[in-house]
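Visitor: Would you mind keeping the following structure in view while I ask a few things?
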There are 4 protein chains.
Amino acid sequence: MNVSSVKTVAHSALARYDQVRAHTERLAAPLTPEDQTVQSMPDVSPTKWHRAHVTWFFETFVLADQEPDFAPFQDKYWFLFNSYYEAIGPRYSRPMRGVISRPGAHDVADYRSNVDDRMRDLLDRVDDGTFTKLAPIVELGFHHEQQHQELLLMDIKHVLSLNPLQPVYAGRPAPPGDPGPMGWVDVAGGLVEIGHSGDTSEPGFCFDNELPRHQQWLEPYRLADRLVTNGEWLEFIADGGYQRPALWLSDGWGKVQAEEWTAPAYWSQVDGQWFEHTLHGTWPVDPSLPACHVSHYEADAFATWAGKRLPTEAEWEHAARDHEVEGNLADLESFHPRVAGAPDGRLRQLFGDCWEWTSSAYLPYPGFQVPDGAIGEYNGKFMSGQMVLRGGCALTPPGHARSSYRNFFPAGARWPVTGVRLADGGAPA
Amino acid sequence: MNVSSVKTVAHSALARYDQVRAHTERLAAPLTPEDQTVQSMPDVSPTKWHRAHVTWFFETFVLADQEPDFAPFQDKYWFLFNSYYEAIGPRYSRPMRGVISRPGAHDVADYRSNVDDRMRDLLDRVDDGTFTKLAPIVELGFHHEQQHQELLLMDIKHVLSLNPLQPVYAGRPAPPGDPGPMGWVDVAGGLVEIGHSGDTSEPGFCFDNELPRHQQWLEPYRLADRLVTNGEWLEFIADGGYQRPALWLSDGWGKVQAEEWTAPAYWSQVDGQWFEHTLHGTWPVDPSLPACHVSHYEADAFATWAGKRLPTEAEWEHAARDHEVEGNLADLESFHPRVAGAPDGRLRQLFGDCWEWTSSAYLPYPGFQVPDGAIGEYNGKFMSGQMVLRGGCALTPPGHARSSYRNFFPAGARWPVTGVRLADGGAPA
Amino acid sequence: MNVSSVKTVAHSALARYDQVRAHTERLAAPLTPEDQTVQSMPDVSPTKWHRAHVTWFFETFVLADQEPDFAPFQDKYWFLFNSYYEAIGPRYSRPMRGVISRPGAHDVADYRSNVDDRMRDLLDRVDDGTFTKLAPIVELGFHHEQQHQELLLMDIKHVLSLNPLQPVYAGRPAPPGDPGPMGWVDVAGGLVEIGHSGDTSEPGFCFDNELPRHQQWLEPYRLADRLVTNGEWLEFIADGGYQRPALWLSDGWGKVQAEEWTAPAYWSQVDGQWFEHTLHGTWPVDPSLPACHVSHYEADAFATWAGKRLPTEAEWEHAARDHEVEGNLADLESFHPRVAGAPDGRLRQLFGDCWEWTSSAYLPYPGFQVPDGAIGEYNGKFMSGQMVLRGGCALTPPGHARSSYRNFFPAGARWPVTGVRLADGGAPA
Amino acid sequence: MNVSSVKTVAHSALARYDQVRAHTERLAAPLTPEDQTVQSMPDVSPTKWHRAHVTWFFETFVLADQEPDFAPFQDKYWFLFNSYYEAIGPRYSRPMRGVISRPGAHDVADYRSNVDDRMRDLLDRVDDGTFTKLAPIVELGFHHEQQHQELLLMDIKHVLSLNPLQPVYAGRPAPPGDPGPMGWVDVAGGLVEIGHSGDTSEPGFCFDNELPRHQQWLEPYRLADRLVTNGEWLEFIADGGYQRPALWLSDGWGKVQAEEWTAPAYWSQVDGQWFEHTLHGTWPVDPSLPACHVSHYEADAFATWAGKRLPTEAEWEHAARDHEVEGNLADLESFHPRVAGAPDGRLRQLFGDCWEWTSSAYLPYPGFQVPDGAIGEYNGKFMSGQMVLRGGCALTPPGHARSSYRNFFPAGARWPVTGVRLADGGAPA
């Protein structure tokens, strides 16, 4: 690589930096300082915390190593905006993030601005040797910020849902449509390869948890060609889906009773009519749209009720590998799943719309290596007690979805944008 | 009463209205919209909630009755800003007040402005017959708003205390001084009268819980002539005060262990030096200042350690009756207890500085009557499980303290500005 | 006092010792080892724990001081059977008493037997000087054991109530009867004396919390001449008593909602008919019997609904002073309140049947002194957060009730045998 | 199958029935009625509950179908002793099992006796057609009772551990020995078969969760030839194992802090010396014995510290398949893991001693089918939120261990007898 091409690459990193950072601010723009302050439950973080934390990431993992006379913008931010990196030092208690009124939304803007200036300065002056070393962590910073862009929207959706004034964030209802009946796509299986190659044979970024590529045996199986719809979910409800323990995992049935679930999260019933809270307001439930905001337990119970099952993550990835990554992602600014397109014999709605629950627990791939240093805490330590989801949702930034991407949430989580694709077959002959 | 004098009175009510309302806004002025949004624990309410709730009080209990075509400023505010009046209808869950980002601080200003206009209009045009009927509830509205002015400050003190950035609200440290040794004032006792007369024989407002005036027998007793100081509290700590169960009520000792109390609330120790969080910043503990932010349990344990006891509310009131109501109240804007003045043989620091824990449970006086209607919920239903405090504190608005005033908090509360005056004697001969 | 009379007194203490101790064992006799092991909630202690704890009391407070070569029967019992005496050393966690399977019921019998032998030996050989010193603590041990006899029955009632097999302890339903309408008895009041004299002017034992006798001013008042009946309580229920917040103290209404109270404890409804769990089985609610197992909150709400109030403890004691202590106490072995006798113009059911909630918080009398040493923990440290009850119940041993006796429980307690006597008047003229 | 051979088989079922049932009673024999009543935490069941529940299983799933005029021994037992079968009807709350004093230990013996008579009668008179239909559920009943024999011991170990008297159940310390250094056994991997055949090609019983046999790809790997010892665990502790978050899964680190783990369960430190509570008393920790009573989190952290990992369940099963099922199981009545035998180049301690944590979540095998009816609740509904363990422990009845057996517990469980075998390799080439 000659000097000029490295410069080009550093410049393109700078352009990408500006683009990613600006997108975060665009997402926060419709929100008042008060909106940005609230933490509505322990899983949710305030908007201004997200904005500050992704900034802290660049300051901590890039600037602290690269600036000759590095000093944090504010000593206390080092503590306040560390999410979970034990190696960095003590950190502020997560469930108390909503108690921190200061720094305020404007102070966070100042913080962002300061770090942006320093990052631009760094990327502008960096020599090629350093940039080569730097590039992976900067790239990780982009994808980290994109993850938080998605979380920021999921979180503010929860915050606004609890407000009796029913505030609207942005967006508008999808145009009506007909997803047609659920079709099925057969997949042959065999000894297949799963995971990202992690090298130049496969372009683009991946997280450590997608590595290494490895072999897995799959019996022949088939996948539904679209997501389960609200209409189908209403049938499940009408058929006693939330009242029949035989359909449920034991822990799921415990949750149904303890939290009195009778429908997906964000659904409410007024005079016999179901309504759904969305980022663009509260609307009557549209039967043609994908069902979303269901837990893994609900997804599993639905599949049992339907006489099917959830796909494994390997089945999903193997079937998705040859599909182009396109769909209802955050660049469309619908901020909600939309009606599936016309059937075409292939898998529809693979990317975008709803993260799809799989039947796979989130565990390390065979040969998985935890990276050295604080960055090693990025993924590995969460490989316990969670389930894998695949494909992305309507809040996922484009460029942040791919067939090998492994998202994960606890089986009871309902505030992410999650839906269901059914699977069948897969038994040994 | 002739027309012109009623008009005068209505006009003076208007002037008082403007004054009380303006004071609330002045107290909120140093706070950002984010500060005003946070609820740091269930007992605390957000600043903007206080500002809206006291407005709701006038809208609900005055305007709704008086405006011919009354409509609430916002339907949902009716629900959001009802504190605890069951008779008014369902109300928003108290521990969730910090989840409500909207209405924001500016929206609340609009609400206040709207109700102010309507109240001014009402007080301006009201006829004398109506005003006579109206005056008690308007007057109650003033005192209600003053209570919340004090709470607003206690609450924001708690909010800011949890912020690692240690934000300052306002005020400055008291000038140094020497309170001198604790002196004692003897009181004869006998068959004394307790409570407010509730009629023209005694000028000024009282709450229903100060009624009726009644007789009570007191043996001769004596009271300390000033509050317990930080210096004395440090001796208590040094003598194992927080480690010796024999000094404590059983419930109090349970709290000491469960919440790991080792000093008053807002105290923290750094390198062996005690610091105190105040509204004007975090400062080294000053031994000459009154000890404050102690629970009833701590007050009782301190008294036991000192070989004394807490006064009953009757003892306090009887001794305080002839003292002028003056002291370190909120108009001094110190926002913190100050050093006791020079000894003069009388009781010092009776009003202002710290609310003083008594040994009396908060119970109805003999013959207490709950008023009819929603206003009947103002005091009576809380006469259970709380202890009486007397005298006012540095956050109490002037005009809101008097010898018969009965404040009350649960025995474990530490976020109010509470201190200790010792008592002795009082046993039957 | 000459030698022979002291001997007589020591011998009569021995006779009393044997009688009290035997009564405890008689109460435990109908219970299996398994029954005696269960702790059904933190407030309840297992039967065998009660049997051992009262034994520990004599061993700790009498034998440890008197036996020249004292050694505990079992070192670990010292720790296991200390209820709450911090001065004695660490103690076993109260809510974990049900986890201790050993010592078993038979081991506890051995412990009792051993301490009984040593106590008999001591009382037999004691010289008169020592006995004079010893008598108060031995006497306290008798009354302590009687308190636990009552608690043992209250506790086992709760244990058995949770068993779907509906086991019966003992006793049989009261004969039917008609309590007649509620009558009223007027009391003049004035400057009255409250509390036990604590000296020879008044025969018999009292606890420290009944001291000192002191003056209190009472306005004229009147008391209902019998307890509120189940029939009256059914009217309260039918009139929406458990659904109308306006009738309730704020904390009480919180309990109604949190614990879903719709009737007294131990009541259950089957096909529209109310049943009551008692120590002699589960029976249809008898309208002529006193309502029992109601909390202070329910008692207060009932009184509000009836347009009356609860008596203060001073009103109760003053009115009860001249009545003979007789009634439905544990020697009748009904183990349940019975129908009031025929009206006779005086207060009926004063002693026995149900402990009667007063409106008085449990606080020290003016001049109350905590005794020195561990025994000082007997009463004083509980004078916080509880309400006073008067009169005794159907589980109270005879000899353990008197007009000055102050029982106390938290306002939400429902497992003790508690009922309601209404009061009226008492307001200043 | 001709008549006489069916009779033989039914007779041998009867013999096996008597043997299994008698073993349960033998295990309960050292326990007092009080011991058998206690539930020391929600996961633990009282001994007499275990004894009754396994009896209920035969009554419900065999006798209810087979007896012409079936009536339950006691109606309420139907409710009390249903563990988790929703299809059978409502059931008694699990965490309240310790509240049920009756039926007592002797009543349960009567229940067992009654059902034994009826089962013997049935197995004696059954015709061959019926027996063929009946055999699988009777066989399941045997294995079900064996599972509870193991649980009974794990549970009573927990109960006795909380008793300050340190009661001993039975057994004696293992003879001393030297397990030698940890060796390694290489396994080739490839496309292997996992799971029980479920047909006559493989003799003996299996649970539904071991089905179906299916293919899985394994890269070459190696397994430690023995369990991790207490001595090795002491090194982990000494090296800060419980203080270094970098070694732990995030949820595990949360548990370490919340529950203040500093060593395996049942370990306690007195004057710097570690002791271990066992069923045969409390003894100094023996470094040569296997470490046990560690959670999955601790097992994982230990493996990370050691630079290794836990095996997958497939790796374990594939490596164990050709080993004879023999080891320190419950028939040896050691009731505690013992020192590994001399190294012999093969895997030691595969069966017995400690259940071995794997890195595999407990999920259905590809093609797993839930059986119809209430029996379908046996395993499938628990396939969520738990980790697989393999091999059996010192409390496992012989005949209840096999290479395909899948045991499972939540990752935080420490009261089962669980230990650690390390793995290495397994990464794709």
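Ordering of the structure tokens sets the chain letters (A, B, ...); residue numbers start at 1 within each chain; ligands are numbered from 1 in the order shown.
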Just list the residues in stretch 110-346 of chain C DSSP gives alpha helix (DSSP H) on the backbone, as JSON, numbers by chain.

Guide: {"C": [110, 111, 112, 113, 114, 115, 116, 117, 118, 119, 120, 121, 122, 123, 124, 125, 128, 129, 130, 131, 132, 133, 134, 135, 136, 137, 138, 139, 140, 141, 142, 143, 144, 145, 146, 147, 148, 149, 150, 151, 152, 153, 154, 155, 156, 157, 158, 159, 160, 161, 230, 231, 232, 233, 234, 235, 236, 237, 238, 250, 251, 252, 253, 254, 255, 256, 257, 258, 296, 297, 298, 299, 300, 301, 302, 303, 304, 305, 313, 314, 315, 316, 317, 318, 319, 320]}

Visitor: Take the selection from the previous step and output its residues with C-alpha atoms, as a CSV table (one decimal), in the first residue's frame.

Guide:
```csv
chain,number,residue,atom,x,y,z
C,110,ASP,CA,-35.1,-32.8,76.8
C,111,TYR,CA,-33.9,-29.3,76.9
C,112,ARG,CA,-37.0,-28.2,78.8
C,113,SER,CA,-36.7,-31.1,81.2
C,114,ASN,CA,-33.1,-30.3,81.9
C,115,VAL,CA,-33.8,-26.7,82.7
C,116,ASP,CA,-36.8,-27.6,84.7
C,117,ASP,CA,-34.7,-29.8,86.9
C,118,ARG,CA,-32.1,-27.1,87.4
C,119,MET,CA,-34.8,-24.4,88.1
C,120,ARG,CA,-36.5,-26.6,90.6
C,121,ASP,CA,-33.3,-27.4,92.3
C,122,LEU,CA,-32.5,-23.6,92.4
C,123,LEU,CA,-35.9,-22.6,93.8
C,124,ASP,CA,-35.7,-25.4,96.3
C,125,ARG,CA,-32.3,-24.5,97.7
C,128,ASP,CA,-34.1,-15.8,101.2
C,129,GLY,CA,-31.7,-12.9,100.3
C,130,THR,CA,-31.0,-14.4,96.9
C,131,PHE,CA,-34.7,-15.2,96.3
C,132,THR,CA,-35.6,-11.6,96.9
C,133,LYS,CA,-33.1,-10.6,94.2
C,134,LEU,CA,-34.2,-13.4,92.0
C,135,ALA,CA,-38.0,-13.1,92.3
C,136,PRO,CA,-38.6,-10.3,89.7
C,137,ILE,CA,-36.7,-12.0,86.9
C,138,VAL,CA,-38.4,-15.4,87.7
C,139,GLU,CA,-41.7,-13.7,87.7
C,140,LEU,CA,-40.8,-12.0,84.4
C,141,GLY,CA,-40.0,-15.5,83.1
C,142,PHE,CA,-43.5,-16.6,83.9
C,143,HIS,CA,-45.1,-13.7,82.1
C,144,HIS,CA,-42.7,-14.1,79.2
C,145,GLU,CA,-43.7,-17.7,78.8
C,146,GLN,CA,-47.4,-16.8,79.0
C,147,GLN,CA,-46.9,-14.3,76.2
C,148,HIS,CA,-45.3,-17.1,74.1
C,149,GLN,CA,-48.2,-19.4,75.0
C,150,GLU,CA,-50.5,-16.9,73.3
C,151,LEU,CA,-48.1,-16.5,70.3
C,152,LEU,CA,-47.7,-20.2,69.9
C,153,LEU,CA,-51.4,-20.5,69.3
C,154,MET,CA,-51.6,-17.5,67.0
C,155,ASP,CA,-48.6,-18.9,65.1
C,156,ILE,CA,-49.8,-22.4,64.7
C,157,LYS,CA,-53.2,-21.1,63.6
C,158,HIS,CA,-51.4,-19.4,60.7
C,159,VAL,CA,-49.4,-22.5,59.9
C,160,LEU,CA,-52.4,-24.7,59.7
C,161,SER,CA,-54.4,-22.2,57.8
C,230,ASN,CA,-69.1,-10.5,62.1
C,231,GLY,CA,-72.6,-9.5,61.1
C,232,GLU,CA,-71.7,-5.9,61.3
C,233,TRP,CA,-68.5,-6.6,59.4
C,234,LEU,CA,-70.5,-8.2,56.6
C,235,GLU,CA,-72.5,-5.0,56.3
C,236,PHE,CA,-69.3,-3.1,56.0
C,237,ILE,CA,-68.2,-5.4,53.2
C,238,ALA,CA,-71.5,-5.2,51.5
C,250,SER,CA,-53.4,6.1,53.1
C,251,ASP,CA,-51.1,3.2,54.2
C,252,GLY,CA,-54.1,1.1,54.9
C,253,TRP,CA,-55.5,1.6,51.4
C,254,GLY,CA,-52.1,0.7,50.0
C,255,LYS,CA,-52.3,-2.6,51.9
C,256,VAL,CA,-55.8,-3.3,50.7
C,257,GLN,CA,-54.6,-3.0,47.1
C,258,ALA,CA,-51.2,-4.6,47.5
C,296,HIS,CA,-55.5,-1.7,62.6
C,297,TYR,CA,-56.1,-0.3,59.2
C,298,GLU,CA,-59.3,-2.3,58.8
C,299,ALA,CA,-60.4,-1.4,62.3
C,300,ASP,CA,-59.9,2.3,61.6
C,301,ALA,CA,-61.7,2.1,58.3
C,302,PHE,CA,-64.6,0.3,59.9
C,303,ALA,CA,-64.9,3.0,62.5
C,304,THR,CA,-64.8,5.7,59.9
C,305,TRP,CA,-67.5,3.9,58.0
C,313,GLU,CA,-55.5,3.5,75.1
C,314,ALA,CA,-56.0,5.9,77.9
C,315,GLU,CA,-59.8,6.0,77.3
C,316,TRP,CA,-59.8,2.2,77.3
C,317,GLU,CA,-57.8,1.8,80.4
C,318,HIS,CA,-59.6,4.4,82.4
C,319,ALA,CA,-63.0,2.8,81.5
C,320,ALA,CA,-61.7,-0.7,82.2
```

Visitor: Among stretch 239-363 of chain C, which residues does DSSP mark as strand (DSSP E or B) when it is run on the backbone? Keep the chain and numbering as in the structure and answer as a PyMOL selection string.

Guide: chain C and resi 267-270+273-278+281-284+290+309+327-328+351-352+355-361

Visitor: At what distance in Å, to one decimal, does atom CA of D:Gly241 lie from atom CA of D:Thr358?

Guide: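 These atoms are spaced 19.7 Å apart.
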
Visitor: Could you please select, counting only C-alpha atoms, the residues of chain A within 10 Å of chain B and state them as a VMD selection string?

Guide: chain A and resid 31 to 41 74 to 77 79 to 80 92 96 to 105 159 to 167

Visitor: Any chance you can output those residues with N, CA, C and O atoms as a compact mmCIF listing (two decimals), in the first residue's frame?

Guide:
```
# COMPACT_ATOMS: atom_id res chain seq x y z
N LEU A 31 -35.94 14.99 19.76
CA LEU A 31 -36.17 14.75 21.19
C LEU A 31 -35.78 15.96 22.03
O LEU A 31 -34.73 16.57 21.81
N THR A 32 -36.62 16.28 23.01
CA THR A 32 -36.34 17.40 23.92
C THR A 32 -35.24 16.99 24.90
O THR A 32 -34.96 15.80 25.08
N PRO A 33 -34.63 17.97 25.58
CA PRO A 33 -33.66 17.62 26.63
C PRO A 33 -34.27 16.70 27.68
O PRO A 33 -33.61 15.78 28.18
N GLU A 34 -35.55 16.90 28.01
CA GLU A 34 -36.20 16.04 29.00
C GLU A 34 -36.35 14.62 28.46
O GLU A 34 -36.08 13.64 29.17
N ASP A 35 -36.77 14.47 27.19
CA ASP A 35 -36.85 13.14 26.58
C ASP A 35 -35.51 12.42 26.69
O ASP A 35 -35.46 11.21 26.95
N GLN A 36 -34.46 13.14 26.45
CA GLN A 36 -33.12 12.55 26.39
C GLN A 36 -32.57 12.16 27.76
O GLN A 36 -31.49 11.59 27.86
N THR A 37 -33.30 12.51 28.81
CA THR A 37 -32.82 12.31 30.18
C THR A 37 -33.39 11.05 30.84
O THR A 37 -32.81 10.48 31.74
N VAL A 38 -34.55 10.60 30.33
CA VAL A 38 -35.31 9.57 31.04
C VAL A 38 -34.77 8.17 30.79
O VAL A 38 -34.43 7.81 29.67
N GLN A 39 -34.71 7.38 31.86
CA GLN A 39 -34.45 5.94 31.78
C GLN A 39 -35.69 5.24 32.31
O GLN A 39 -35.96 5.25 33.51
N SER A 40 -36.44 4.62 31.42
CA SER A 40 -37.76 4.13 31.80
C SER A 40 -37.74 2.75 32.44
O SER A 40 -38.73 2.31 33.01
N MET A 41 -36.62 2.04 32.29
CA MET A 41 -36.41 0.75 32.98
C MET A 41 -34.92 0.48 32.92
O MET A 41 -34.20 1.11 32.14
N GLN A 74 -13.59 15.48 30.26
CA GLN A 74 -14.01 15.68 31.65
C GLN A 74 -13.66 14.41 32.42
O GLN A 74 -14.07 13.32 32.02
N ASP A 75 -12.94 14.53 33.50
CA ASP A 75 -12.53 13.34 34.25
C ASP A 75 -13.72 12.44 34.58
O ASP A 75 -13.67 11.23 34.41
N LYS A 76 -14.79 13.05 35.03
CA LYS A 76 -15.93 12.26 35.51
C LYS A 76 -16.65 11.54 34.38
O LYS A 76 -17.33 10.56 34.61
N TYR A 77 -16.54 12.05 33.14
CA TYR A 77 -17.20 11.38 32.02
C TYR A 77 -16.61 9.98 31.82
O TYR A 77 -17.28 9.06 31.38
N PHE A 79 -15.96 7.94 33.92
CA PHE A 79 -16.68 7.06 34.85
C PHE A 79 -18.15 6.95 34.44
O PHE A 79 -18.74 5.87 34.42
N LEU A 80 -18.73 8.09 34.06
CA LEU A 80 -20.18 8.11 33.79
C LEU A 80 -20.55 7.37 32.52
O LEU A 80 -21.64 6.81 32.43
N TYR A 92 -20.26 3.85 36.42
CA TYR A 92 -21.50 4.31 37.02
C TYR A 92 -22.57 3.24 36.91
O TYR A 92 -22.67 2.56 35.89
N MET A 96 -29.05 3.44 37.27
CA MET A 96 -29.15 4.80 37.78
C MET A 96 -28.85 5.85 36.71
O MET A 96 -28.69 7.03 37.02
N ARG A 97 -28.81 5.43 35.45
CA ARG A 97 -28.46 6.40 34.41
C ARG A 97 -29.49 7.51 34.29
O ARG A 97 -29.17 8.61 33.85
N GLY A 98 -30.72 7.24 34.67
CA GLY A 98 -31.78 8.25 34.56
C GLY A 98 -31.73 9.28 35.67
O GLY A 98 -32.52 10.22 35.68
N VAL A 99 -30.83 9.12 36.61
CA VAL A 99 -30.73 10.04 37.75
C VAL A 99 -29.77 11.18 37.44
O VAL A 99 -29.75 12.20 38.12
N ILE A 100 -29.01 11.02 36.39
CA ILE A 100 -27.95 11.98 36.05
C ILE A 100 -28.51 13.07 35.15
O ILE A 100 -28.59 12.90 33.93
N SER A 101 -28.89 14.18 35.75
CA SER A 101 -29.44 15.27 34.93
C SER A 101 -28.33 16.03 34.20
O SER A 101 -28.56 16.59 33.13
N ARG A 102 -27.17 16.05 34.78
CA ARG A 102 -26.03 16.71 34.13
C ARG A 102 -24.91 15.72 33.94
O ARG A 102 -24.68 14.92 34.84
N PRO A 103 -24.16 15.77 32.86
CA PRO A 103 -24.27 16.73 31.78
C PRO A 103 -25.60 16.64 31.05
O PRO A 103 -26.12 15.53 30.84
N GLY A 104 -26.13 17.78 30.67
CA GLY A 104 -27.38 17.85 29.94
C GLY A 104 -27.17 17.61 28.45
O GLY A 104 -26.05 17.36 28.00
N ALA A 105 -28.27 17.65 27.73
CA ALA A 105 -28.22 17.38 26.29
C ALA A 105 -27.25 18.32 25.59
O ALA A 105 -26.51 17.91 24.69
N VAL A 159 -39.53 4.71 26.35
CA VAL A 159 -39.75 5.91 27.18
C VAL A 159 -41.07 6.57 26.81
O VAL A 159 -41.92 6.85 27.66
N LEU A 160 -41.26 6.80 25.52
CA LEU A 160 -42.46 7.52 25.08
C LEU A 160 -43.72 6.68 25.29
O LEU A 160 -44.81 7.22 25.49
N SER A 161 -43.55 5.35 25.27
CA SER A 161 -44.73 4.48 25.42
C SER A 161 -45.38 4.62 26.80
O SER A 161 -46.55 4.31 26.96
N LEU A 162 -44.60 5.05 27.78
CA LEU A 162 -45.13 5.14 29.14
C LEU A 162 -45.77 6.50 29.41
O LEU A 162 -46.29 6.73 30.50
N ASN A 163 -45.73 7.38 28.45
CA ASN A 163 -46.23 8.73 28.66
C ASN A 163 -47.71 8.82 28.25
O ASN A 163 -48.04 8.58 27.08
N PRO A 164 -48.57 9.16 29.19
CA PRO A 164 -50.01 9.24 28.86
C PRO A 164 -50.32 10.25 27.76
O PRO A 164 -51.38 10.18 27.16
N LEU A 165 -49.41 11.19 27.49
CA LEU A 165 -49.66 12.16 26.41
C LEU A 165 -49.42 11.54 25.03
O LEU A 165 -49.68 12.20 24.01
N GLN A 166 -48.93 10.31 24.99
CA GLN A 166 -48.68 9.60 23.73
C GLN A 166 -47.88 10.43 22.73
O GLN A 166 -48.33 10.65 21.59
N PRO A 167 -46.68 10.86 23.10
CA PRO A 167 -45.90 11.68 22.16
C PRO A 167 -45.46 10.86 20.94
O PRO A 167 -45.22 9.65 21.04
```

Visitor: Identify, on the basis of only C-alpha atoms, every residue whose closest approach to C:Ala265 does not exceed 9 Å; exclude the query and any residue fewer than 5 positions from it along the same chain; express the result as a PyMOL selection string.

Guide: chain C and resi 276-277+292-295+414-415

Visitor: Find the residues near A:Ala330: any atom within 8 Å, counting only C-alpha atoms, skip ones fewer than 5 places away on the same chain, and give them as number ranges by chain.

Guide: A: 335, 393-398

Visitor: One number please: atom CA of B:His11 to atom CA of B:Trp56, in Å, one decimal.

Guide: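 Separation of atom CA of B:His11 and atom CA of B:Trp56: 21.9 Å.
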